[in-house]
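Student: Structure incoming, see below.
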Amino acid sequence: MPLHSKILLGLAIGAVLGVAANLGLGAQHWLVIGLDHYLAGPVGQVFLRMLSMVVMPLVFASIALGVASVGDVRRIGRMGAKTIAYFLGTTALAVCLGLVLVNLANPGAWVTRDVRERLLAEYASTAASKIEAAHTAEFGIDTLVGIVTRNPIASAVNADMLGVIFFGLVFGAAATMIREDRSRTMIAWLEALSDIVVKIVDMAMRIAPYGVAGLIFGVTARFGFSLLASLGVFVALVLGGLLLHATVTMALIIRLVIGMSPTDFFRRIRAALVTAFSTSSSSATLPTNIQIGEQNLGIPAKVCGFVYPLGATMCMNGTALFEGISCIFLCQVFGVQLDVGQMAVVMGMAVITSIGAAAVPGGSIPLLVGMLTMFNVPAEGIAVILGVDRILDMARTTVNVLGDHTAAAFVARSEGLWNPATSPNVNIDNIDNTAQRGGMGT
C-alpha cells in the first residue's frame with residue numbers, strides 16, 4: 001500500500017475512534033484520558049519528535065549545499081529575490097481572497113453571546129499562554145536584525161529557523177570562495193550529513209500511520225463535534241477559502257506560470273500534502289518536501305535545497321489566509337467595525353506576521369493575538385477559535401506546503417534549470433512507492 005494511503009487510513013481510524021470515544025464515554029472518562037495519555041499521545045509525539053529532530057541539520061545542510069551548488073553568488077541573489085517575491089505575492093493573493101470571503105459571509109453573526117462566553121471560559125487558561133507568547137512573537141526591525149544570528153548553535157537549539165537559514169546561506173557562499181580542494185571536502189561532508197538525515201526520516205516515516213492515528217485520536221476524543229457545530233460557519237469558511245486558493249489561485253499559477261497540468265502536479269506531491277495535513281508542521285514536512293521535489297517533480301537538488309528550507313519559514317499562504325479571516329471574524333464577534341483602511345492594515349499584517357509564524361502546530365496563534373489587540377479586540381478572544389484550531393491548522397499547513405512546491409518549480413523554471421518536460425516519467429499510481437524507495441517509505 002502506498003505511503004499516503006497508509007497515512008490516510010491511520011488518520012481515518014484515529015478520527016473514528018476518537019469521535020466514538022467522545023460520544024460513547026465522554027472526553028473526561030478515565031479510559032479515554034488514559035488511552036490518550038499513555039498510548040495515542042506518546043505514539044503521535046514520538047513521530048513528530050523524530051521528524052522535528054532532523055529539521056535543523058537538514059535546513060543547514062540543504063541551504064549550504066544549495067548555495068554551494070549554485071556557485072555564482074550573483075545567481076544566489078537572483079534566486080533569493082525571485083523566491084521571496086513569489087512567497088510574498090502568493091501570500092498577498094491568499095489574504096485578499098480570505099478578506100473577500102469573510103466580509104461576504106459575515107461568520108461572526110452566527111456565534112451567539114452564550115457560545116462566546118462558554119468558549120472564553122473553557123479556554124481561558126490556554127488563551128492566557130498564547131497571549132504571553134504573543135509578547136515575544138511581534139514582528140519588527142528587531143526581527144530583521146535578529147536574522148543575522150550571533151550563535152548558529154543557539155539558533156538551532158532555540159528553533160530559530162531564520163538564524164539557521166542565514167548561517168547556511170553564508171556558509172554555502174563562503175564554501176565557493178575557498179580553495180577547491182578544501183571546498184570539495186566540506187561539500188562531501190554536507191552531502192553525507194544530508195544522506196544521514198534522509199535515513200532518519202525513513203525511520204520516522206515507518207511509524208507515520210500510527211503516529212497520525214494517535215495525534216488525531218487525541219483531538220477528536222477531546223473535542224468531538226460540539227465546538228465544530230457551534231463554529232461551523234467559521235470553520236467552513238476557512239476550509240473553503242483554503243480549498244479555493246489551492247484549486248483556483250494556485251492551480252492557475254501551476255497552469256499558466258509553471259506550465260504544468262495542475263492535476264498532474266497535485267498527484268506528484270500528494271505524499272507531501274498528506275504529511276503536512278497529518279503533522280500540522282511545515283518544518284516536520286520539510287524532509288518529505290525535498291525528496292518529493294527532487295524525485296517526483298525532477299527539480300534540481302540545488303534548487304530544492306535552497307527554496308524548500310526558505311519556504312518552511314516564509315511561504316505561509318494558508319496561514320495568512322487563516323489569520324485574515326480569523327481577525328475579521330473575531331472583530332465581528334466582539335462588535336468591532338473595520339473600515340477599508342483598517343482592512344488594508346489587516347491584509348498587510350497578515351502577510352508580514354505569517355512570515356514570522358513558527359512552522360510548528362499552532363505557531364500562528366501568538367501572532368494572531370498581536371493583530372487582535374491592534375483593533376481593540378480582547379486578547380482573550382483568541383479562546384473563541386482555539387477549540388477548532390487543530391483541524392484548521394492541518395488544512396492551512398497543507399496549503400503552505402503546496403506553496404513551497406509551486407515556488408520551487410517557479411524558481412527552477414525561471415532560472416532555466418527545469419521545465420515540466422523534465423519531470424520523471426513515472427506511473428502516477430506508483431509515485432509514492434517510488435518516493436519510498438528513495439528513502440521515505442515504510
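In the C-alpha cells, chains take letters A, B, ... by order of appearance, with residues numbered from 1 within each chain and ligands from 1 in the order shown.
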Mind dumping a table of every range 16-67 of chain A residue within 10 Å of range 153-159 of chain A, with the nearest atom pair and its distance in Å to one decimal, using only C-alpha atoms, sorted by chain and rising number, as CSV?

Tutor:
residue,atom,partner,partner_atom,distance
A:Ser52,CA,A:Ala159,CA,9.7
A:Val55,CA,A:Ala159,CA,9.1
A:Met56,CA,A:Ala156,CA,5.9
A:Pro57,CA,A:Ala156,CA,8.3
A:Val59,CA,A:Ala156,CA,9.8
A:Phe60,CA,A:Ala156,CA,9.3

Student: Just the selected residues (all heavy atoms), exported as a PDB file, in the first residue's frame, please.

Tutor:
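In the end it all went to result-v4.pdb:
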ATOM      1  N   SER A  52      10.937  16.348  13.811  1.00  0.00           N
ATOM      2  CA  SER A  52      11.467  17.632  14.261  1.00  0.00           C
ATOM      3  C   SER A  52      12.958  17.544  14.575  1.00  0.00           C
ATOM      4  O   SER A  52      13.697  18.524  14.414  1.00  0.00           O
ATOM      5  CB  SER A  52      10.706  18.101  15.513  1.00  0.00           C
ATOM      6  OG  SER A  52       9.334  18.269  15.232  1.00  0.00           O
ATOM      7  N   VAL A  55      15.153  18.518  11.582  1.00  0.00           N
ATOM      8  CA  VAL A  55      14.845  19.732  10.813  1.00  0.00           C
ATOM      9  C   VAL A  55      16.051  20.661  10.736  1.00  0.00           C
ATOM     10  O   VAL A  55      16.441  21.114   9.645  1.00  0.00           O
ATOM     11  CB  VAL A  55      13.632  20.467  11.420  1.00  0.00           C
ATOM     12  CG1 VAL A  55      13.514  21.868  10.828  1.00  0.00           C
ATOM     13  CG2 VAL A  55      12.362  19.676  11.144  1.00  0.00           C
ATOM     14  N   MET A  56      16.665  20.982  11.866  1.00  0.00           N
ATOM     15  CA  MET A  56      17.763  21.953  11.859  1.00  0.00           C
ATOM     16  C   MET A  56      18.989  21.470  11.073  1.00  0.00           C
ATOM     17  O   MET A  56      19.523  22.213  10.247  1.00  0.00           O
ATOM     18  CB  MET A  56      18.139  22.344  13.293  1.00  0.00           C
ATOM     19  CG  MET A  56      17.087  23.195  13.971  1.00  0.00           C
ATOM     20  SD  MET A  56      16.702  24.691  12.999  1.00  0.00           S
ATOM     21  CE  MET A  56      15.224  25.249  13.837  1.00  0.00           C
ATOM     22  N   PRO A  57      19.467  20.232  11.296  1.00  0.00           N
ATOM     23  CA  PRO A  57      20.586  19.780  10.452  1.00  0.00           C
ATOM     24  C   PRO A  57      20.226  19.705   8.979  1.00  0.00           C
ATOM     25  O   PRO A  57      21.053  19.993   8.117  1.00  0.00           O
ATOM     26  CB  PRO A  57      20.951  18.400  11.015  1.00  0.00           C
ATOM     27  CG  PRO A  57      19.802  17.993  11.857  1.00  0.00           C
ATOM     28  CD  PRO A  57      19.157  19.242  12.348  1.00  0.00           C
ATOM     29  N   VAL A  59      17.980  21.653   7.395  1.00  0.00           N
ATOM     30  CA  VAL A  59      17.920  23.026   6.876  1.00  0.00           C
ATOM     31  C   VAL A  59      19.328  23.539   6.585  1.00  0.00           C
ATOM     32  O   VAL A  59      19.604  24.075   5.509  1.00  0.00           O
ATOM     33  CB  VAL A  59      17.204  23.950   7.880  1.00  0.00           C
ATOM     34  CG1 VAL A  59      17.419  25.417   7.504  1.00  0.00           C
ATOM     35  CG2 VAL A  59      15.715  23.640   7.917  1.00  0.00           C
ATOM     36  N   PHE A  60      20.226  23.356   7.541  1.00  0.00           N
ATOM     37  CA  PHE A  60      21.593  23.849   7.347  1.00  0.00           C
ATOM     38  C   PHE A  60      22.264  23.163   6.159  1.00  0.00           C
ATOM     39  O   PHE A  60      22.834  23.828   5.275  1.00  0.00           O
ATOM     40  CB  PHE A  60      22.416  23.614   8.615  1.00  0.00           C
ATOM     41  CG  PHE A  60      23.887  23.851   8.409  1.00  0.00           C
ATOM     42  CD1 PHE A  60      24.368  25.128   8.185  1.00  0.00           C
ATOM     43  CD2 PHE A  60      24.781  22.792   8.425  1.00  0.00           C
ATOM     44  CE1 PHE A  60      25.724  25.351   7.989  1.00  0.00           C
ATOM     45  CE2 PHE A  60      26.127  22.995   8.217  1.00  0.00           C
ATOM     46  CZ  PHE A  60      26.615  24.283   8.000  1.00  0.00           C
TER      47      PHE A  60
END

Student: Residues within 10 Å of Ala276 in chain A, please, as a PyMOL selection string. Count only C-alpha atoms; anything in the same chain fewer than 5 positions from it doesn't count.

Tutor: chain A and resi 270-271+281-286+288-289+393-402

Student: Save out the residues we just selected, N, CA and C atoms, as a JSON list (two decimals), in the first residue's frame.

Tutor:
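The file below, selection-v2.json, is the result:
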[["chain", "number", "residue", "atom", "x", "y", "z"],
["A", 270, "ARG", "N", 1.35, 14.56, -3.69],
["A", 270, "ARG", "CA", 0.29, 14.23, -2.72],
["A", 270, "ARG", "C", 0.85, 13.64, -1.43],
["A", 271, "ALA", "N", 1.96, 12.90, -1.47],
["A", 271, "ALA", "CA", 2.52, 12.35, -0.23],
["A", 271, "ALA", "C", 2.96, 13.48, 0.69],
["A", 281, "SER", "N", 2.72, 20.79, 10.53],
["A", 281, "SER", "CA", 4.01, 21.47, 10.68],
["A", 281, "SER", "C", 4.76, 21.51, 9.37],
["A", 282, "SER", "N", 5.05, 22.73, 8.89],
["A", 282, "SER", "CA", 5.86, 22.86, 7.68],
["A", 282, "SER", "C", 7.27, 22.37, 7.92],
["A", 283, "SER", "N", 7.79, 22.56, 9.14],
["A", 283, "SER", "CA", 9.14, 22.09, 9.45],
["A", 283, "SER", "C", 9.21, 20.57, 9.42],
["A", 284, "ALA", "N", 8.22, 19.92, 10.03],
["A", 284, "ALA", "CA", 8.22, 18.46, 10.06],
["A", 284, "ALA", "C", 8.06, 17.87, 8.66],
["A", 285, "THR", "N", 7.43, 18.63, 7.75],
["A", 285, "THR", "CA", 7.20, 18.15, 6.39],
["A", 285, "THR", "C", 8.39, 18.44, 5.48],
["A", 286, "LEU", "N", 9.34, 19.26, 5.94],
["A", 286, "LEU", "CA", 10.46, 19.67, 5.10],
["A", 286, "LEU", "C", 11.25, 18.51, 4.49],
["A", 288, "THR", "N", 10.29, 15.51, 3.73],
["A", 288, "THR", "CA", 9.45, 14.92, 2.69],
["A", 288, "THR", "C", 9.37, 15.83, 1.47],
["A", 289, "ASN", "N", 9.23, 17.14, 1.71],
["A", 289, "ASN", "CA", 9.15, 18.09, 0.60],
["A", 289, "ASN", "C", 10.36, 18.00, -0.32],
["A", 393, "ASP", "N", -5.48, 24.17, 11.45],
["A", 393, "ASP", "CA", -4.02, 24.16, 11.35],
["A", 393, "ASP", "C", -3.55, 23.09, 10.37],
["A", 394, "MET", "N", -4.19, 21.94, 10.42],
["A", 394, "MET", "CA", -3.84, 20.85, 9.49],
["A", 394, "MET", "C", -4.08, 21.29, 8.04],
["A", 395, "ALA", "N", -5.21, 21.96, 7.82],
["A", 395, "ALA", "CA", -5.57, 22.36, 6.46],
["A", 395, "ALA", "C", -4.67, 23.48, 5.95],
["A", 396, "ARG", "N", -4.39, 24.49, 6.80],
["A", 396, "ARG", "CA", -3.58, 25.61, 6.32],
["A", 396, "ARG", "C", -2.13, 25.20, 6.11],
["A", 397, "THR", "N", -1.63, 24.24, 6.90],
["A", 397, "THR", "CA", -0.28, 23.75, 6.67],
["A", 397, "THR", "C", -0.17, 23.06, 5.32],
["A", 398, "THR", "N", -1.22, 22.36, 4.93],
["A", 398, "THR", "CA", -1.24, 21.70, 3.63],
["A", 398, "THR", "C", -1.11, 22.72, 2.50],
["A", 399, "VAL", "N", -1.81, 23.84, 2.62],
["A", 399, "VAL", "CA", -1.73, 24.89, 1.60],
["A", 399, "VAL", "C", -0.36, 25.55, 1.63],
["A", 400, "ASN", "N", 0.21, 25.73, 2.83],
["A", 400, "ASN", "CA", 1.57, 26.27, 2.92],
["A", 400, "ASN", "C", 2.55, 25.40, 2.15],
["A", 401, "VAL", "N", 2.45, 24.10, 2.32],
["A", 401, "VAL", "CA", 3.37, 23.16, 1.67],
["A", 401, "VAL", "C", 3.14, 23.15, 0.16],
["A", 402, "LEU", "N", 1.89, 23.28, -0.26],
["A", 402, "LEU", "CA", 1.62, 23.40, -1.70],
["A", 402, "LEU", "C", 2.36, 24.61, -2.26]]

Student: Which residues are near range 404-417 of chain A? Cut-off 8 Å, only C-alpha atoms, ignore same chain within fewer than 2 positions. Put them as a short mmCIF file (atom, residue, chain, number, x, y, z; two decimals) with N, CA, C and O atoms, in the first residue's frame.

Tutor:
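selection-v6.cif was written with the following content:
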data_model
loop_
_atom_site.label_atom_id
_atom_site.label_comp_id
_atom_site.auth_asym_id
_atom_site.auth_seq_id
_atom_site.Cartn_x
_atom_site.Cartn_y
_atom_site.Cartn_z
N MET A 79 18.13 34.16 -7.35
CA MET A 79 17.20 33.12 -6.92
C MET A 79 16.50 33.51 -5.63
O MET A 79 15.29 33.29 -5.47
N LYS A 82 13.79 36.14 -6.36
CA LYS A 82 12.63 35.52 -7.00
C LYS A 82 11.81 34.71 -5.99
O LYS A 82 10.58 34.76 -5.99
N THR A 83 12.51 33.98 -5.14
CA THR A 83 11.83 33.13 -4.16
C THR A 83 11.00 33.97 -3.20
O THR A 83 9.81 33.70 -2.96
N TYR A 86 8.03 35.63 -4.86
CA TYR A 86 6.96 34.67 -5.10
C TYR A 86 6.18 34.40 -3.80
O TYR A 86 4.95 34.37 -3.80
N PHE A 87 6.90 34.19 -2.71
CA PHE A 87 6.24 33.95 -1.42
C PHE A 87 5.31 35.10 -1.07
O PHE A 87 4.14 34.90 -0.70
N MET A 250 -3.77 28.78 -6.96
CA MET A 250 -2.52 28.04 -7.18
C MET A 250 -2.59 27.20 -8.45
O MET A 250 -1.58 27.02 -9.15
N ILE A 254 0.05 27.20 -11.48
CA ILE A 254 0.68 25.97 -11.96
C ILE A 254 0.49 25.83 -13.48
O ILE A 254 1.42 25.46 -14.21
N VAL A 257 1.83 29.81 -15.23
CA VAL A 257 3.19 30.28 -14.95
C VAL A 257 4.20 29.14 -15.00
O VAL A 257 5.25 29.24 -15.64
N ILE A 258 3.85 28.04 -14.33
CA ILE A 258 4.78 26.90 -14.30
C ILE A 258 4.66 26.07 -15.57
O ILE A 258 5.63 25.46 -16.02
N ILE A 269 2.81 15.47 -5.81
CA ILE A 269 3.22 15.94 -4.48
C ILE A 269 2.26 15.48 -3.39
O ILE A 269 2.36 15.95 -2.24
N ASN A 289 9.23 17.14 1.71
CA ASN A 289 9.15 18.09 0.60
C ASN A 289 10.36 18.00 -0.32
O ASN A 289 10.22 17.97 -1.55
N GLY A 293 10.19 16.90 -4.17
CA GLY A 293 10.60 17.86 -5.20
C GLY A 293 11.64 17.28 -6.13
O GLY A 293 11.57 17.45 -7.35
N ILE A 299 12.91 18.44 -9.89
CA ILE A 299 13.55 19.75 -9.69
C ILE A 299 14.99 19.53 -9.22
O ILE A 299 15.23 18.68 -8.35
N PRO A 300 15.96 20.25 -9.76
CA PRO A 300 17.36 20.06 -9.37
C PRO A 300 17.56 20.19 -7.86
O PRO A 300 16.92 21.02 -7.21
N VAL A 303 18.20 23.63 -6.31
CA VAL A 303 17.03 24.49 -6.15
C VAL A 303 16.20 24.03 -4.96
O VAL A 303 15.75 24.84 -4.14
N CYS A 304 16.00 22.72 -4.84
CA CYS A 304 15.23 22.18 -3.71
C CYS A 304 15.89 22.55 -2.39
O CYS A 304 15.21 22.97 -1.44
N VAL A 307 15.19 26.49 -1.94
CA VAL A 307 13.83 27.03 -1.84
C VAL A 307 13.04 26.41 -0.70
O VAL A 307 12.37 27.13 0.06
N TYR A 308 13.08 25.09 -0.54
CA TYR A 308 12.21 24.45 0.45
C TYR A 308 12.51 24.87 1.89
O TYR A 308 11.57 25.12 2.66
N GLY A 311 11.00 28.15 2.26
CA GLY A 311 9.55 28.04 2.25
C GLY A 311 8.98 27.58 3.57
O GLY A 311 7.88 28.00 3.98
N ALA A 312 9.71 26.70 4.27
CA ALA A 312 9.23 26.20 5.56
C ALA A 312 9.05 27.33 6.57
O ALA A 312 8.26 27.21 7.51
N CYS A 315 6.99 30.77 3.36
CA CYS A 315 5.85 30.54 2.46
C CYS A 315 4.64 30.10 3.27
O CYS A 315 4.48 28.92 3.56
N ASN A 400 0.21 25.73 2.83
CA ASN A 400 1.57 26.27 2.92
C ASN A 400 2.55 25.40 2.15
O ASN A 400 3.41 25.90 1.41
N VAL A 401 2.45 24.10 2.32
CA VAL A 401 3.37 23.16 1.67
C VAL A 401 3.14 23.15 0.16
O VAL A 401 4.10 23.04 -0.62
N LEU A 402 1.89 23.28 -0.26
CA LEU A 402 1.62 23.40 -1.70
C LEU A 402 2.36 24.61 -2.26
O LEU A 402 2.96 24.55 -3.35
N ASN A 419 11.99 22.27 -16.55
CA ASN A 419 10.69 22.52 -17.18
C ASN A 419 9.85 21.27 -17.02
O ASN A 419 10.39 20.18 -16.73
#

Student: Extract, using only C-alpha atoms, all DNA, RNA and protein residues at most 9 Å from range 61-69 of chain A, discarding same-chain residues fewer than 3 positions from it, and format them as a VMD selection string.

Tutor: chain A and resid 56 to 58 72 to 73 76 165 to 176 183 187 190 to 191 193 to 194 290 301 to 310

Student: Have a look at CA of Ser326 in chain A and CA of Thr112 in chain A and let me know their distance in Å, one decimal.

Tutor: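 Result for CA of Ser326 in chain A versus CA of Thr112 in chain A: 16.6 Å, one decimal.
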
Student: Go ahead and compute the interatomic distance for CA of Ala251 in chain A and CA of Gly298 in chain A, in Å to one decimal.

Tutor: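 Interatomic distance here is 19.0 Å.
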
Student: Quick one, how far is CA of Pro287 in chain A from CA of Ala272 in chain A?

Tutor: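 Those two atoms sit 9.2 Å apart.
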